[in-house]
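Dropping model-v6.txt in here (compact mmCIF, C-alpha atoms and all ligand atoms):
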```txt
# COMPACT_ATOMS: atom_id res chain seq x y z
CA MET A 1 67.19 -12.80 16.29
CA SER A 2 69.60 -11.74 13.57
CA ASP A 3 66.82 -10.63 11.25
CA VAL A 4 65.61 -7.93 13.65
CA PRO A 5 67.58 -5.15 11.93
CA GLN A 6 66.15 -6.23 8.57
CA VAL A 7 62.61 -6.08 9.90
CA LEU A 8 63.21 -2.65 11.42
CA LEU A 9 64.89 -1.40 8.29
CA ALA A 10 61.98 -2.61 6.16
CA HIS A 11 59.60 -0.80 8.49
CA HIS A 12 61.58 2.45 8.39
CA LEU A 13 62.03 2.39 4.62
CA LYS A 14 58.28 1.90 4.22
CA ALA A 15 57.60 4.76 6.60
CA LEU A 16 60.03 6.93 4.64
CA LYS A 17 58.35 5.83 1.39
CA LEU A 18 61.53 4.43 -0.15
CA PRO A 19 60.25 1.25 -1.85
CA THR A 20 63.20 0.97 -4.21
CA PHE A 21 65.64 1.19 -1.31
CA LEU A 22 63.76 -1.66 0.32
CA ARG A 23 63.68 -3.78 -2.82
CA GLU A 24 67.27 -3.22 -3.87
CA TYR A 25 69.41 -2.59 -0.78
CA ASP A 26 70.32 -6.21 -0.13
CA LYS A 27 71.23 -7.16 -3.68
CA LEU A 28 73.11 -3.90 -4.22
CA SER A 29 75.03 -4.22 -0.96
CA ARG A 30 76.36 -7.62 -2.06
CA GLN A 31 77.24 -6.22 -5.44
CA CYS A 32 79.02 -3.23 -3.92
CA ALA A 33 80.89 -5.49 -1.46
CA ALA A 34 82.07 -7.67 -4.34
CA GLU A 35 83.20 -4.61 -6.30
CA GLY A 36 84.83 -2.98 -3.28
CA VAL A 37 82.55 0.05 -3.52
CA ASP A 38 82.47 2.16 -0.33
CA HIS A 39 79.39 3.03 1.73
CA THR A 40 78.95 6.49 0.32
CA ARG A 41 78.92 5.20 -3.24
CA TYR A 42 76.62 2.37 -2.21
CA LEU A 43 74.13 4.90 -0.83
CA LEU A 44 74.58 7.05 -3.90
CA ARG A 45 73.69 4.15 -6.20
CA LEU A 46 70.72 3.23 -4.07
CA SER A 47 69.35 6.76 -4.03
CA GLU A 48 69.85 7.04 -7.78
CA LEU A 49 67.72 3.92 -8.25
CA GLU A 50 65.05 5.37 -5.98
CA LEU A 51 65.00 8.65 -7.90
CA LEU A 52 64.72 6.89 -11.28
CA ASP A 53 61.89 4.71 -10.02
CA ARG A 54 60.14 7.66 -8.49
CA GLU A 55 60.29 9.51 -11.81
CA ARG A 56 58.88 6.48 -13.61
CA ARG A 57 56.06 6.15 -11.09
CA LEU A 58 55.20 9.85 -11.42
CA ILE A 59 55.00 9.53 -15.21
CA GLU A 60 52.74 6.49 -14.90
CA ARG A 61 50.54 8.40 -12.47
CA ARG A 62 50.36 11.39 -14.81
CA ILE A 63 49.37 9.16 -17.73
CA ARG A 64 46.63 7.47 -15.71
CA ALA A 65 45.35 10.79 -14.37
CA ALA A 66 45.21 12.31 -17.88
CA ARG A 67 42.56 9.78 -18.88
CA PHE A 68 43.76 9.48 -22.46
CA PRO A 69 41.40 7.39 -24.60
CA ALA A 70 44.54 5.66 -25.91
CA VAL A 71 48.24 6.11 -25.26
CA LYS A 72 49.82 7.23 -28.54
CA SER A 73 53.20 8.73 -29.08
CA LEU A 74 54.50 11.02 -31.80
CA ASP A 75 57.03 8.26 -32.59
CA SER A 76 54.24 6.35 -34.32
CA PHE A 77 53.03 9.41 -36.24
CA ASP A 78 53.85 9.40 -39.94
CA PHE A 79 54.56 13.04 -40.74
CA ALA A 80 55.03 12.26 -44.44
CA ALA A 81 51.33 11.37 -44.63
CA ILE A 82 50.35 14.96 -43.88
CA PRO A 83 52.69 17.42 -45.62
CA ALA A 84 50.52 20.40 -44.57
CA LEU A 85 51.53 19.86 -40.94
CA ASN A 86 54.57 21.74 -39.70
CA LYS A 87 56.66 18.85 -38.36
CA MET A 88 59.31 21.10 -36.84
CA LEU A 89 56.65 22.96 -34.86
CA VAL A 90 55.15 19.70 -33.56
CA LEU A 91 58.58 18.44 -32.47
CA GLU A 92 59.30 21.78 -30.83
CA LEU A 93 55.95 21.61 -28.99
CA ALA A 94 56.83 18.09 -27.84
CA ARG A 95 59.57 19.72 -25.73
CA CYS A 96 56.74 21.34 -23.75
CA GLU A 97 58.31 24.77 -23.36
CA TYR A 98 55.00 26.30 -24.48
CA ILE A 99 53.48 24.83 -21.31
CA GLU A 100 56.06 26.64 -19.19
CA ARG A 101 55.06 29.83 -21.07
CA ARG A 102 51.35 28.99 -20.65
CA GLU A 103 50.73 29.18 -24.39
CA ASN A 104 47.99 27.35 -26.25
CA VAL A 105 47.85 25.00 -29.23
CA ILE A 106 45.05 24.63 -31.74
CA ALA A 107 45.01 21.79 -34.27
CA LEU A 108 42.66 22.40 -37.19
CA GLY A 109 41.72 20.07 -40.01
CA PRO A 110 39.11 17.70 -41.35
CA SER A 111 38.30 14.32 -39.83
CA GLY A 112 40.92 11.58 -39.87
CA THR A 113 43.97 13.77 -40.39
CA GLY A 114 45.61 12.82 -37.09
CA LYS A 115 44.53 15.70 -34.83
CA THR A 116 43.68 13.43 -31.91
CA HIS A 117 46.86 11.42 -32.46
CA VAL A 118 49.01 14.57 -32.31
CA ALA A 119 47.08 15.81 -29.25
CA LEU A 120 47.67 12.45 -27.53
CA GLY A 121 51.35 12.53 -28.48
CA LEU A 122 51.81 16.04 -27.09
CA GLY A 123 49.86 15.06 -23.98
CA LEU A 124 52.14 12.07 -23.48
CA SER A 125 55.24 14.25 -23.87
CA ALA A 126 53.92 16.53 -21.14
CA CYS A 127 53.29 13.55 -18.83
CA GLN A 128 56.81 12.30 -19.51
CA ARG A 129 58.10 15.63 -18.27
CA GLY A 130 56.09 15.22 -15.09
CA LEU A 131 53.48 17.84 -16.03
CA SER A 132 49.83 17.25 -15.16
CA VAL A 133 47.55 16.75 -18.15
CA GLY A 134 43.80 16.38 -18.57
CA PHE A 135 42.28 14.97 -21.73
CA THR A 136 38.62 15.34 -22.65
CA THR A 137 36.39 16.05 -25.61
CA ALA A 138 34.40 19.27 -25.87
CA ALA A 139 31.13 17.33 -25.65
CA ALA A 140 32.23 15.30 -22.61
CA LEU A 141 33.60 18.38 -20.86
CA VAL A 142 30.39 20.34 -21.36
CA HIS A 143 28.38 17.36 -20.18
CA GLU A 144 30.57 17.10 -17.08
CA LEU A 145 30.27 20.84 -16.40
CA LEU A 146 26.48 20.80 -16.70
CA GLU A 147 26.25 17.80 -14.42
CA ALA A 148 28.54 19.43 -11.85
CA ARG A 149 26.47 22.59 -11.95
CA ASP A 150 23.25 20.64 -11.34
CA GLU A 151 24.89 18.85 -8.44
CA ARG A 152 26.26 22.10 -6.98
CA ARG A 153 29.89 21.11 -7.36
CA LEU A 154 30.77 23.30 -10.33
CA LEU A 155 33.33 25.28 -8.37
CA ARG A 156 35.22 22.15 -7.41
CA LEU A 157 35.32 20.92 -11.00
CA GLN A 158 36.41 24.33 -12.25
CA LYS A 159 39.26 24.36 -9.73
CA GLN A 160 40.29 20.90 -10.87
CA LEU A 161 40.24 22.03 -14.50
CA THR A 162 42.41 25.08 -13.80
CA ALA A 163 44.95 22.95 -11.95
CA TYR A 164 46.15 20.98 -14.99
CA ARG A 165 49.28 22.33 -16.61
CA LEU A 166 47.83 21.20 -19.95
CA LEU A 167 44.14 20.74 -20.67
CA ILE A 168 43.40 18.98 -23.96
CA ILE A 169 39.94 19.58 -25.41
CA ASP A 170 39.42 17.30 -28.39
CA GLU A 171 36.75 17.51 -31.08
CA LEU A 172 35.45 21.00 -30.68
CA GLY A 173 32.94 21.58 -33.44
CA TYR A 174 31.31 18.21 -33.98
CA VAL A 175 28.38 19.07 -31.73
CA PRO A 176 26.83 22.52 -31.39
CA LEU A 177 26.63 23.55 -27.73
CA SER A 178 23.63 24.74 -25.77
CA PRO A 179 23.89 28.39 -24.63
CA THR A 180 24.63 27.26 -21.05
CA GLY A 181 27.11 24.66 -22.29
CA ALA A 182 28.87 27.28 -24.40
CA GLU A 183 29.08 29.67 -21.47
CA LEU A 184 30.49 27.02 -19.14
CA LEU A 185 33.13 26.05 -21.69
CA PHE A 186 33.97 29.70 -22.17
CA GLU A 187 34.42 30.06 -18.42
CA VAL A 188 36.90 27.16 -18.37
CA MET A 189 38.98 28.81 -21.09
CA SER A 190 38.76 32.17 -19.32
CA GLN A 191 39.88 30.72 -16.01
CA ARG A 192 42.85 29.06 -17.68
CA TYR A 193 43.84 32.14 -19.62
CA GLU A 194 47.54 32.86 -18.97
CA ARG A 195 47.45 30.37 -16.09
CA GLY A 196 47.79 27.12 -17.98
CA SER A 197 47.93 25.77 -21.51
CA VAL A 198 44.95 24.57 -23.52
CA LEU A 199 45.21 22.33 -26.56
CA VAL A 200 42.09 22.36 -28.72
CA THR A 201 41.42 20.25 -31.80
CA SER A 202 38.66 21.18 -34.21
CA ASN A 203 37.37 20.22 -37.62
CA LEU A 204 36.12 23.79 -38.08
CA PRO A 205 38.12 26.83 -39.20
CA PHE A 206 37.94 29.77 -36.76
CA ASP A 207 35.32 31.65 -38.77
CA GLU A 208 32.89 28.80 -38.24
CA TRP A 209 33.30 28.53 -34.47
CA THR A 210 30.25 30.75 -33.96
CA SER A 211 28.13 27.82 -35.16
CA VAL A 212 29.38 25.83 -32.13
CA PHE A 213 29.11 28.53 -29.50
CA GLY A 214 25.94 30.09 -30.86
CA SER A 215 26.82 33.62 -29.87
CA GLU A 216 29.16 35.77 -31.93
CA ARG A 217 30.10 37.82 -28.87
CA LEU A 218 31.06 34.73 -26.85
CA THR A 219 33.03 33.21 -29.76
CA GLY A 220 34.90 36.49 -30.23
CA ALA A 221 35.81 36.71 -26.56
CA LEU A 222 36.87 33.07 -26.48
CA LEU A 223 39.03 33.28 -29.60
CA ASP A 224 40.57 36.44 -28.23
CA ARG A 225 41.82 34.61 -25.13
CA LEU A 226 42.62 31.31 -26.80
CA THR A 227 44.60 32.82 -29.67
CA HIS A 228 46.48 35.51 -27.71
CA HIS A 229 49.46 33.15 -27.26
CA VAL A 230 48.84 30.31 -29.66
CA HIS A 231 50.53 27.81 -31.96
CA VAL A 232 48.23 26.74 -34.78
CA LEU A 233 48.74 23.32 -36.33
CA GLU A 234 47.20 23.31 -39.80
CA MET A 235 46.28 19.72 -40.53
CA ASN A 236 44.59 19.91 -43.88
CA GLY A 237 44.90 16.73 -45.82
CA GLU A 238 43.34 13.45 -46.68
CA SER A 239 41.90 11.21 -44.01
CA TYR A 240 44.60 8.77 -42.87
CA ARG A 241 41.95 6.10 -42.28
CA LEU A 242 40.52 6.44 -45.80
CA LYS A 243 43.96 6.39 -47.32
CA ALA A 244 44.93 3.32 -45.33
CA SER A 245 41.79 1.41 -46.27
CA ARG A 246 42.25 2.37 -49.91
CA ARG A 247 45.82 1.09 -49.72
CA ARG A 248 44.58 -2.16 -48.24
CA ARG A 249 41.98 -2.52 -51.00
CA HIS A 250 44.56 -1.82 -53.68
CA SER A 251 47.01 -4.34 -52.35
CA SER A 252 44.37 -7.02 -51.90
CA SER A 253 43.00 -6.49 -55.43
CA ALA A 254 46.56 -6.62 -56.72
CA ASP A 255 46.85 -9.97 -55.00
CA GLY A 256 43.73 -10.98 -56.85
CA LEU A 257 41.81 -11.35 -53.58
CA GLU A 258 39.12 -8.83 -54.39
CA PRO A 259 36.42 -9.54 -56.95
CA SER A 260 36.39 -6.81 -59.62
P1 LIG A 301 41.35 13.09 -36.29
O1 LIG A 301 41.40 13.27 -34.82
O2 LIG A 301 41.97 14.21 -37.05
O3 LIG A 301 39.98 12.77 -36.79
P2 LIG A 301 42.86 10.73 -35.65
O4 LIG A 301 44.02 11.25 -34.91
O5 LIG A 301 41.78 10.09 -34.86
O6 LIG A 301 42.25 11.84 -36.63
O7 LIG A 301 43.40 9.69 -36.75
C1 LIG A 301 42.63 8.60 -37.22
C2 LIG A 301 43.45 7.30 -37.11
O8 LIG A 301 44.53 7.36 -38.03
C3 LIG A 301 44.06 7.12 -35.74
O9 LIG A 301 44.12 5.74 -35.48
C4 LIG A 301 45.47 7.70 -35.90
O10 LIG A 301 46.38 7.08 -35.00
C5 LIG A 301 45.78 7.37 -37.34
N1 LIG A 301 46.60 8.40 -37.98
C6 LIG A 301 46.18 9.57 -38.50
N2 LIG A 301 47.17 10.24 -39.07
C7 LIG A 301 48.27 9.49 -38.90
C8 LIG A 301 49.65 9.66 -39.26
N3 LIG A 301 50.06 10.73 -39.95
N4 LIG A 301 50.52 8.68 -38.90
C9 LIG A 301 50.09 7.58 -38.22
N5 LIG A 301 48.81 7.38 -37.85
C10 LIG A 301 47.90 8.31 -38.18
MG MG A 302 39.86 13.17 -33.48
```
Once you've parsed the file, please lay out its structure as structure tokens.
Amino acid sequence: MSDVPQVLLAHHLKALKLPTFLREYDKLSRQCAAEGVDHTRYLLRLSELELLDRERRLIERRIRAARFPAVKSLDSFDFAAIPALNKMLVLELARCEYIERRENVIALGPSGTGKTHVALGLGLSACQRGLSVGFTTAAALVHELLEARDERRLLRLQKQLTAYRLLIIDELGYVPLSPTGAELLFEVMSQRYERGSVLVTSNLPFDEWTSVFGSERLTGALLDRLTHHVHVLEMNGESYRLKASRRRRHSSSADGLEPS
């Protein structure tokens, strides 16, 4: 009969959604008894554990919801490999204050210079601060928008896309968009304007964006909104992949492994 209170407590803690309380209360109570810690401090410790766990769970949820193609952090980014990139600006952006100000970020540069890596790193920073993030590529987003329109659920998708605190649109410029696709993408940017941040990566300089959107008028209107409050990351440099494979070749030929 003596385990009735435990059963009830477990039930109540579940109902109150306090899983860490439930997991830790027994062990911690023994610890606190041994240390002579009073009830108030015992509860304080327990609630601190719950808060920490809750924060960790929120971050994990944010990361899952962002649908990153890979989880990469700026800690693994070698800034020395790309001197053109303003490291101080990237580190400042990692603090996510631009998201509070609803400003945008555009990373420009040729393929392989780390644009996606930086976008993923900044996305991860935002998740770690509990902010909601969505990651997609321009092609996938347009595809999704067209599909939603055909299935008469465009409004719902648009609402979902405006709700993110940070929307990352990777690889704008690799594929030219259909006129409808361009218009739908424009609408997304318009709806987010001054409501939430957008991070765009592109291999094309601004003056070539018309080739993606087709219409000069639409491109102008889009750039107008996107660049009103913007931080531009210039990422001109050599492809990191090419450089790495060249380094590998060099070292293996130095080892005499590669036939000359
Ligand atoms: P982009 O999006 O500009 O084409 P990516 O971000 O996909 O380039 O980079 C290509 C690969 O090289 C990725 O695996 C990325 O993690 C890595 N990479 C690129 N630049 C760096 C860097 N400066 N430090 C560490 N890894 C890098
Ligand atoms: Mg990329």
Checklist line | Distance filter 10 Å around ligand MG 302 (chain A), atoms: all atoms listed in the file, out as a VMD selection string | finding: chain A and resid 109 to 120 137 170 to 172 174 201 to 203
Item checked: For CA of Cys127 in chain A and CA of Ile63 in chain A, the interatomic separation in Å (one decimal) ->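 Those two atoms sit 6.0 Å apart.
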Note to self: For a quick check of understanding, using all atoms listed in the file, which of A:Arg156, A:Lys72, A:Arg95, A:His250 has the smallest distance to ligand LIG 301 (chain A)?
What the structure shows: A:Lys72
Please provide as an mmCIF file with C-alpha atoms, in the frame of the given file all residues within 7 Å of range 183-200 of chain A, with the sequence filter that same-chain residues fewer than 6 positions apart are discarded (counting all atoms listed in the file).
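Okay, this is what ended up in selection02.cif:
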```
data_model
loop_
_atom_site.group_PDB
_atom_site.id
_atom_site.type_symbol
_atom_site.label_atom_id
_atom_site.label_comp_id
_atom_site.auth_asym_id
_atom_site.auth_seq_id
_atom_site.Cartn_x
_atom_site.Cartn_y
_atom_site.Cartn_z
ATOM 1 C CA ILE A 99 53.480 24.830 -21.310
ATOM 2 C CA ARG A 102 51.350 28.990 -20.650
ATOM 3 C CA GLU A 103 50.730 29.180 -24.390
ATOM 4 C CA ASN A 104 47.990 27.350 -26.250
ATOM 5 C CA VAL A 105 47.850 25.000 -29.230
ATOM 6 C CA ILE A 106 45.050 24.630 -31.740
ATOM 7 C CA ALA A 107 45.010 21.790 -34.270
ATOM 8 C CA VAL A 142 30.390 20.340 -21.360
ATOM 9 C CA LEU A 145 30.270 20.840 -16.400
ATOM 10 C CA GLN A 158 36.410 24.330 -12.250
ATOM 11 C CA THR A 162 42.410 25.080 -13.800
ATOM 12 C CA ARG A 165 49.280 22.330 -16.610
ATOM 13 C CA LEU A 166 47.830 21.200 -19.950
ATOM 14 C CA LEU A 167 44.140 20.740 -20.670
ATOM 15 C CA ILE A 168 43.400 18.980 -23.960
ATOM 16 C CA ILE A 169 39.940 19.580 -25.410
ATOM 17 C CA ASP A 170 39.420 17.300 -28.390
ATOM 18 C CA LEU A 222 36.870 33.070 -26.480
ATOM 19 C CA ARG A 225 41.820 34.610 -25.130
#
```
Next item on the list: Find the residue from A:Thr136, A:Asn236, A:Ser211, A:Ser178 that sits nearest to ligand LIG 301 (chain A); use all atoms listed in the file when measuring.
Entry: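 Of the candidates, the smallest distance to ligand LIG 301 (chain A) is held by A:Asn236.
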Checklist line | range 1-16 of chain A environment, 12 Å, all atoms listed in the file, sequence neighbours closer than 5 positions dropped, as a PyMOL selection string | finding: chain A and resi 21-26+50
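The residues that lie within 12 Å of the point (69.5, 6.7, -5.0), counting all atoms listed in the file, are Leu18, Pro19, Thr20, Phe21, Leu22, Glu24, Tyr25, Leu28, Thr40, Arg41, Tyr42, Leu43, Leu44, Arg45, Leu46, Ser47, Glu48, Leu49, Glu50, Leu51, Leu52, Asp53, Arg54 and Glu55 of chain A.
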Note to self: Between atom N5 of ligand LIG 301 (chain A) and CA of Gly121 in chain A, what distance in Å does the model show, to one decimal?
What the structure shows: 11.0 Å
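Take the candidates A:Thr219, A:Gln128, A:Thr180, A:Ser245 and check each one against ligand LIG 301 (chain A) using all atoms listed in the file; the shortest distance goes to A:Ser245.
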Next item on the list: In Å, rounded to a single decimal, give me how far CA of Ala163 in chain A is from atom C5 of ligand LIG 301 (chain A).
Entry: 29.8 Å
Item checked: Residue with smallest distance to ligand LIG 301 (chain A) - pool A:Arg241, A:Arg56, A:His231, A:Arg153, counting only C-alpha atoms and all ligand atoms ->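 Closest to ligand LIG 301 (chain A), using only C-alpha atoms and all ligand atoms: A:Arg241.
With distances restricted to all atoms listed in the file, A:Gly173 is the closest residue to ligand LIG 301 (chain A) from A:Gly181, A:Gly220, A:Gly134, A:Gly173.
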Item checked: Nearest-residue call for ligand LIG 301 (chain A), choices A:Arg57, A:Arg149, A:Lys243, A:His228, using all atoms listed in the file ->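 Looking only at the distances to ligand LIG 301 (chain A), the closest residue turns out to be A:Lys243.
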Note to self: So that I can see what lies close to Ile82 in chain A, please list as number ranges by chain the residues with an atom at most 8 Å from it, counting only C-alpha atoms and leaving out residues fewer than 3 positions away in the same chain.
What the structure shows: A: 78-79, 85, 113, 235-238
Export C-alpha atoms of the chosen residues as a short mmCIF file (atom, residue, chain, number, x, y, z; two decimals), in the coordinates of the input?
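What follows is the written file result.cif:
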```cif
data_model
loop_
_atom_site.label_atom_id
_atom_site.label_comp_id
_atom_site.auth_asym_id
_atom_site.auth_seq_id
_atom_site.Cartn_x
_atom_site.Cartn_y
_atom_site.Cartn_z
CA ASP A 78 53.85 9.40 -39.94
CA PHE A 79 54.56 13.04 -40.74
CA LEU A 85 51.53 19.86 -40.94
CA THR A 113 43.97 13.77 -40.39
CA MET A 235 46.28 19.72 -40.53
CA ASN A 236 44.59 19.91 -43.88
CA GLY A 237 44.90 16.73 -45.82
CA GLU A 238 43.34 13.45 -46.68
#
```
